[in-house]
Amino acid sequence: MSSKKIGFWSVWALGVGGIVGGLFPALGVVIQIANVGAPLAFAIAGTIALITTYAYAKLSLAHPCRGGTVTFLNQAFGSGLFSGTLNLLLWFSYVVMLSFYLQAFGSYGVSLFTSTQPIWKHLLISLAILGTTGLNLLTANHIGKSQIWIVSFKLGILILFIIMGSSHIDISRLEPVSVSSLPSIFAGAIAIFLSYEGFELIANAAEDLVNPKHTLPRVYYSVIGFVILLYVLIALVTLGAEPIEQILAAKDYALAEVAKPIMGQFGSVLITIAAVFSTISASNATLYGSARFSTIIAKSRGFDGSQINGIAQSSIGLFITSGITLIIANFCDLNRISTMGSAGFLLIFAAVNLANARMHRYTKSKQWISLLGTGICLVALGMLIWFALQTDPQTVWVLVLMVGVAIGIEVIYYLSNNRQLHL
């Protein structure tokens with residue numbers, strides 16, 4: 001365990017920084033699906049995340065280690081096919097999430113130039129992947145040194161946007177939500193659930209917290225509560241300040257476009273810079289976590305050497321993660337990426353809720369809360385699949401492929417090592 005303890009605000013910044021990067025790609029997606037119901041969609045998605053934080057808070061206190069979700073699943077279900085498949089699916093979902101951030105980085109980055117040809121967006125995405133891969137080859141001390149500064153900067157810009165934008169809201173553009181629009185609002189909420197995922201990073205810092213029993217629950221709940229409020233207010237200002245047609249015309253960099261009439265050209269550039277900083281820092285943190293996570297999976301499967309043919313396991317995981325991300329981020333549609341990632345994390349969070357319900361005596365939890373969380377996540381997943389079948393059936397096949405590949409890799413591992421296959 002590290003002898004250097006960290007306090008409430010350091011972990012709070014880690015949690016908020018891990019989440020808010022998802023706002024920039026998610027805003028245009030949720031407005032396209034839910035229209036004026038986007039603020040409610042953000043609130044619904046946040047409520048699902050808030051219920052799941054109960055399980056994460058309890059499990060983090062019971063198992064304060066850097067393994068996070070992997071440790072929780074293995075402790076609750078053992079090292080079998082079920083937990084192994086979920087661990088691989090979590091890694092796949094990290095890759096999709098990384099692509100989600102990088103798409104936003106490319107879109108906002110290219111909006112700074114006079115030419116918005118797709119080639120420049122793809123070039124920025126590719127350079128970002130290569131750059132963060134190179135950064136992650138350095139020691140961990142070089143990773144995230146300026147995290148608090150970056151979080152403070154982007155939150156300051158976003159809060160300024162809300163304050164200045166409140167005087168530009170045209171109430172006539174914020175129509176009351178009708179019953180007929182509820183299906184699209186729920187669809188929007190579930191499709192951008194990925195934008196709340198970063199709170200699980202808090203679990204990795206549990207063992208380094210000062211007085212974790214008191215601090216950890218406050219960090220979890222305050223982070224999610226703050227982000228829900230931030231997302232809802234930004235969605236309200238965005239919809240109230242500009243006609244929805246103009247927002248959707250620039251949906252990949254909607255916040256920067258809406259900032260022009262509110263904050264002027266300089267303010268729009270500030271928002272763009274905040275988006276670029278936010279998404280690249282979130283990409284860097286996600287790439288670091290996912291590459292490290294692949295190493296944890298390898299070790300749990302008996303690869304106990306630190307190197308394979310002279311190459312560090314962590315570097316192999318980093319290169320594989322970066323290579324897959326390079327393909328997904330450059331060749332997949334943002335809406336499809338959001339749907340794939342949200343589905344993966346809804347399934348993982350359902351399992352984490354179930355893990356806490358299974359170990360409720362050990363974690364000193366109220367079992368019914370985590371069972372409720374499991375049910376809500378599974379219902380949300382079912383709704384997302386149904387929505388995808390109606391709008392983009394190919395996405396469902398991608399989800400099936402993700403799960404199938406995860407199961408297949410686990411089965412091959414057991415058979416090739418002559419181990420008994422068990423759930």
# chains A, B, ... in the order shown; residues from 1 in each chain; ligands from 1
>>> closest_atom_pairs(of="region 209-235 of chain A", to="region 163-179 of chain A", cutoff="12 Å", atoms="only C-alpha atoms", output="CSV")
residue,atom,partner,partner_atom,distance
A:Leu230,CA,A:Ile163,CA,11.6
A:Leu233,CA,A:Ser166,CA,9.1
A:Ile234,CA,A:Gly165,CA,8.8
A:Ala235,CA,A:Leu174,CA,10.5
>>> closest_residue(among="A:Ile244, A:Ala191, A:Leu137, A:Leu59", to="Phe387 (chain A)", atoms="only C-alpha atoms")
A:Ala191
>>> residues_around(residues="Met97 (chain A)", least_positions_apart="4", cutoff="7 Å", atoms="only C-alpha atoms", output="ChimeraX atom specification")
/A:93,101,341
>>> write_last_selection(atoms="all heavy atoms", output="PDB file, in the first residue's frame")
ATOM      1  N   SER A  93     -15.119  -2.871 -23.541  1.00  0.00           N
ATOM      2  CA  SER A  93     -15.890  -1.642 -23.320  1.00  0.00           C
ATOM      3  C   SER A  93     -14.978  -0.450 -23.086  1.00  0.00           C
ATOM      4  O   SER A  93     -15.285   0.674 -23.487  1.00  0.00           O
ATOM      5  CB  SER A  93     -16.839  -1.827 -22.124  1.00  0.00           C
ATOM      6  OG  SER A  93     -17.755  -2.878 -22.366  1.00  0.00           O
ATOM      7  N   TYR A 101     -14.123   8.947 -26.699  1.00  0.00           N
ATOM      8  CA  TYR A 101     -13.393  10.169 -26.365  1.00  0.00           C
ATOM      9  C   TYR A 101     -12.619  10.707 -27.572  1.00  0.00           C
ATOM     10  O   TYR A 101     -12.619  11.912 -27.843  1.00  0.00           O
ATOM     11  CB  TYR A 101     -12.406   9.906 -25.230  1.00  0.00           C
ATOM     12  CG  TYR A 101     -13.029   9.665 -23.878  1.00  0.00           C
ATOM     13  CD1 TYR A 101     -12.481   8.724 -23.006  1.00  0.00           C
ATOM     14  CD2 TYR A 101     -14.135  10.392 -23.446  1.00  0.00           C
ATOM     15  CE1 TYR A 101     -13.032   8.505 -21.752  1.00  0.00           C
ATOM     16  CE2 TYR A 101     -14.694  10.172 -22.202  1.00  0.00           C
ATOM     17  CZ  TYR A 101     -14.143   9.228 -21.351  1.00  0.00           C
ATOM     18  OH  TYR A 101     -14.684   9.006 -20.112  1.00  0.00           O
ATOM     19  N   GLY A 341     -20.657   0.961 -26.307  1.00  0.00           N
ATOM     20  CA  GLY A 341     -20.044   1.184 -24.999  1.00  0.00           C
ATOM     21  C   GLY A 341     -21.063   1.192 -23.879  1.00  0.00           C
ATOM     22  O   GLY A 341     -20.830   0.611 -22.816  1.00  0.00           O
TER      23      GLY A 341
END
>>> atom_distance(atom1="CA of Gly134 (chain A)", atom2="CA of Tyr196 (chain A)")
26.8 Å
>>> residues_around(residues="region 210-217 of chain A", least_positions_apart="6", cutoff="9 Å", atoms="only C-alpha atoms", output="list in words")
Lys5, Ile6, Gly7, Phe8, Val11, Thr53, Tyr54, Tyr56, Ala57, Lys58, Ser60, Leu61, Pro64, Ile202 and Ala203 of chain A
>>> write_last_selection(atoms="C-alpha atoms", output="PDB file, in the first residue's frame")
ATOM      1  CA  LYS A   5      -2.333   9.273   1.314  1.00  0.00           C
ATOM      2  CA  ILE A   6      -4.637  11.440  -0.755  1.00  0.00           C
ATOM      3  CA  GLY A   7      -7.630  13.481   0.364  1.00  0.00           C
ATOM      4  CA  PHE A   8     -11.213  14.086  -0.685  1.00  0.00           C
ATOM      5  CA  VAL A  11     -10.075  11.752  -5.603  1.00  0.00           C
ATOM      6  CA  THR A  53     -22.385   3.862  -6.981  1.00  0.00           C
ATOM      7  CA  TYR A  54     -23.882   2.316  -3.839  1.00  0.00           C
ATOM      8  CA  TYR A  56     -19.131   0.469  -5.831  1.00  0.00           C
ATOM      9  CA  ALA A  57     -18.821   2.377  -2.539  1.00  0.00           C
ATOM     10  CA  LYS A  58     -19.537  -0.737  -0.445  1.00  0.00           C
ATOM     11  CA  SER A  60     -14.462  -0.464  -2.550  1.00  0.00           C
ATOM     12  CA  LEU A  61     -14.483  -0.308   1.252  1.00  0.00           C
ATOM     13  CA  PRO A  64      -9.651  -1.405  -1.159  1.00  0.00           C
ATOM     14  CA  ILE A 202     -12.515   6.106  -7.861  1.00  0.00           C
ATOM     15  CA  ALA A 203     -12.367   2.445  -6.824  1.00  0.00           C
TER      16      ALA A 203
END
>>> residues_around(residues="region 23-26 of chain A", least_positions_apart="6", cutoff="7 Å", atoms="only C-alpha atoms", output="mmCIF file with N, CA, C and O atoms, in the first residue's frame")
data_model
loop_
_atom_site.group_PDB
_atom_site.id
_atom_site.type_symbol
_atom_site.label_atom_id
_atom_site.label_comp_id
_atom_site.auth_asym_id
_atom_site.auth_seq_id
_atom_site.Cartn_x
_atom_site.Cartn_y
_atom_site.Cartn_z
ATOM 1 N N PHE A 100 -14.741 6.576 -28.121
ATOM 2 C CA PHE A 100 -15.761 7.602 -27.895
ATOM 3 C C PHE A 100 -15.093 8.944 -27.604
ATOM 4 O O PHE A 100 -15.447 9.978 -28.192
ATOM 5 N N TYR A 101 -14.123 8.947 -26.699
ATOM 6 C CA TYR A 101 -13.393 10.169 -26.365
ATOM 7 C C TYR A 101 -12.619 10.707 -27.572
ATOM 8 O O TYR A 101 -12.619 11.912 -27.843
ATOM 9 N N ALA A 104 -14.557 12.542 -30.223
ATOM 10 C CA ALA A 104 -14.854 13.923 -29.815
ATOM 11 C C ALA A 104 -13.614 14.795 -29.946
ATOM 12 O O ALA A 104 -13.693 15.954 -30.380
ATOM 13 N N ILE A 192 -26.461 7.231 -24.113
ATOM 14 C CA ILE A 192 -25.306 8.022 -23.663
ATOM 15 C C ILE A 192 -24.930 7.681 -22.222
ATOM 16 O O ILE A 192 -24.207 8.441 -21.572
ATOM 17 N N SER A 195 -21.388 8.096 -20.971
ATOM 18 C CA SER A 195 -20.804 9.373 -20.556
ATOM 19 C C SER A 195 -20.689 9.511 -19.045
ATOM 20 O O SER A 195 -20.065 10.461 -18.558
ATOM 21 N N ASP A 252 -21.434 16.958 -33.704
ATOM 22 C CA ASP A 252 -20.173 16.382 -33.236
ATOM 23 C C ASP A 252 -19.356 17.355 -32.396
ATOM 24 O O ASP A 252 -18.478 16.948 -31.638
ATOM 25 N N ALA A 275 -12.668 21.151 -24.504
ATOM 26 C CA ALA A 275 -13.067 19.832 -25.011
ATOM 27 C C ALA A 275 -11.850 19.013 -25.419
ATOM 28 O O ALA A 275 -11.767 17.813 -25.127
#
>>> closest_residue(among="A:Ala76, A:Phe349, A:Gly198, A:Gln390", to="Gly373 (chain A)", atoms="only C-alpha atoms")
A:Phe349
>>> select_by_dssp(residues="region 129-367 of chain A", states="helix (DSSP H, G or I)", output="number ranges by chain")
A: 129-136, 140-142, 147-168, 171-173, 179-191, 193-208, 212-241, 244-249, 251-300, 313-331, 334-358, 360-363, 367
>>> residues_around(residues="Ile369 (chain A)", least_positions_apart="4", cutoff="10 Å", atoms="only C-alpha atoms", output="PyMOL selection string")
chain A and resi 51-52+54-55+353+356-357+365+373-375
>>> write_last_selection(atoms="C-alpha atoms", output="PDB file, in the first residue's frame")
ATOM      1  CA  ILE A  51     -27.780   3.641  -7.835  1.00  0.00           C
ATOM      2  CA  THR A  52     -24.747   1.672  -9.021  1.00  0.00           C
ATOM      3  CA  TYR A  54     -23.882   2.316  -3.839  1.00  0.00           C
ATOM      4  CA  ALA A  55     -22.461  -1.065  -4.831  1.00  0.00           C
ATOM      5  CA  ASN A 353     -24.620  -4.687  -8.437  1.00  0.00           C
ATOM      6  CA  ASN A 356     -22.584  -6.609  -3.992  1.00  0.00           C
ATOM      7  CA  ALA A 357     -25.990  -8.218  -3.472  1.00  0.00           C
ATOM      8  CA  SER A 365     -24.940  -3.525   2.478  1.00  0.00           C
ATOM      9  CA  GLY A 373     -29.583  -1.725  -9.386  1.00  0.00           C
ATOM     10  CA  THR A 374     -29.085  -5.066 -11.136  1.00  0.00           C
ATOM     11  CA  GLY A 375     -32.670  -5.057 -12.381  1.00  0.00           C
TER      12      GLY A 375
END
>>> atom_distance(atom1="CA of Phe161 (chain A)", atom2="CA of Ile273 (chain A)")
13.3 Å
>>> closest_residue(among="A:Thr132, A:Asn87, A:Ser126, A:Ser370", to="Ser281 (chain A)", atoms="only C-alpha atoms")
A:Thr132
>>> residues_around(residues="Glu410 (chain A)", least_positions_apart="5", cutoff="8 Å", atoms="only C-alpha atoms", output="ChimeraX atom specification")
/A:81,84-85
>>> atom_distance(atom1="CA of Leu248 (chain A)", atom2="CA of Leu40 (chain A)")
18.0 Å
>>> closest_residue(among="A:Val405, A:Ala45, A:Gln75, A:Leu27", to="Met359 (chain A)", atoms="only C-alpha atoms")
A:Gln75
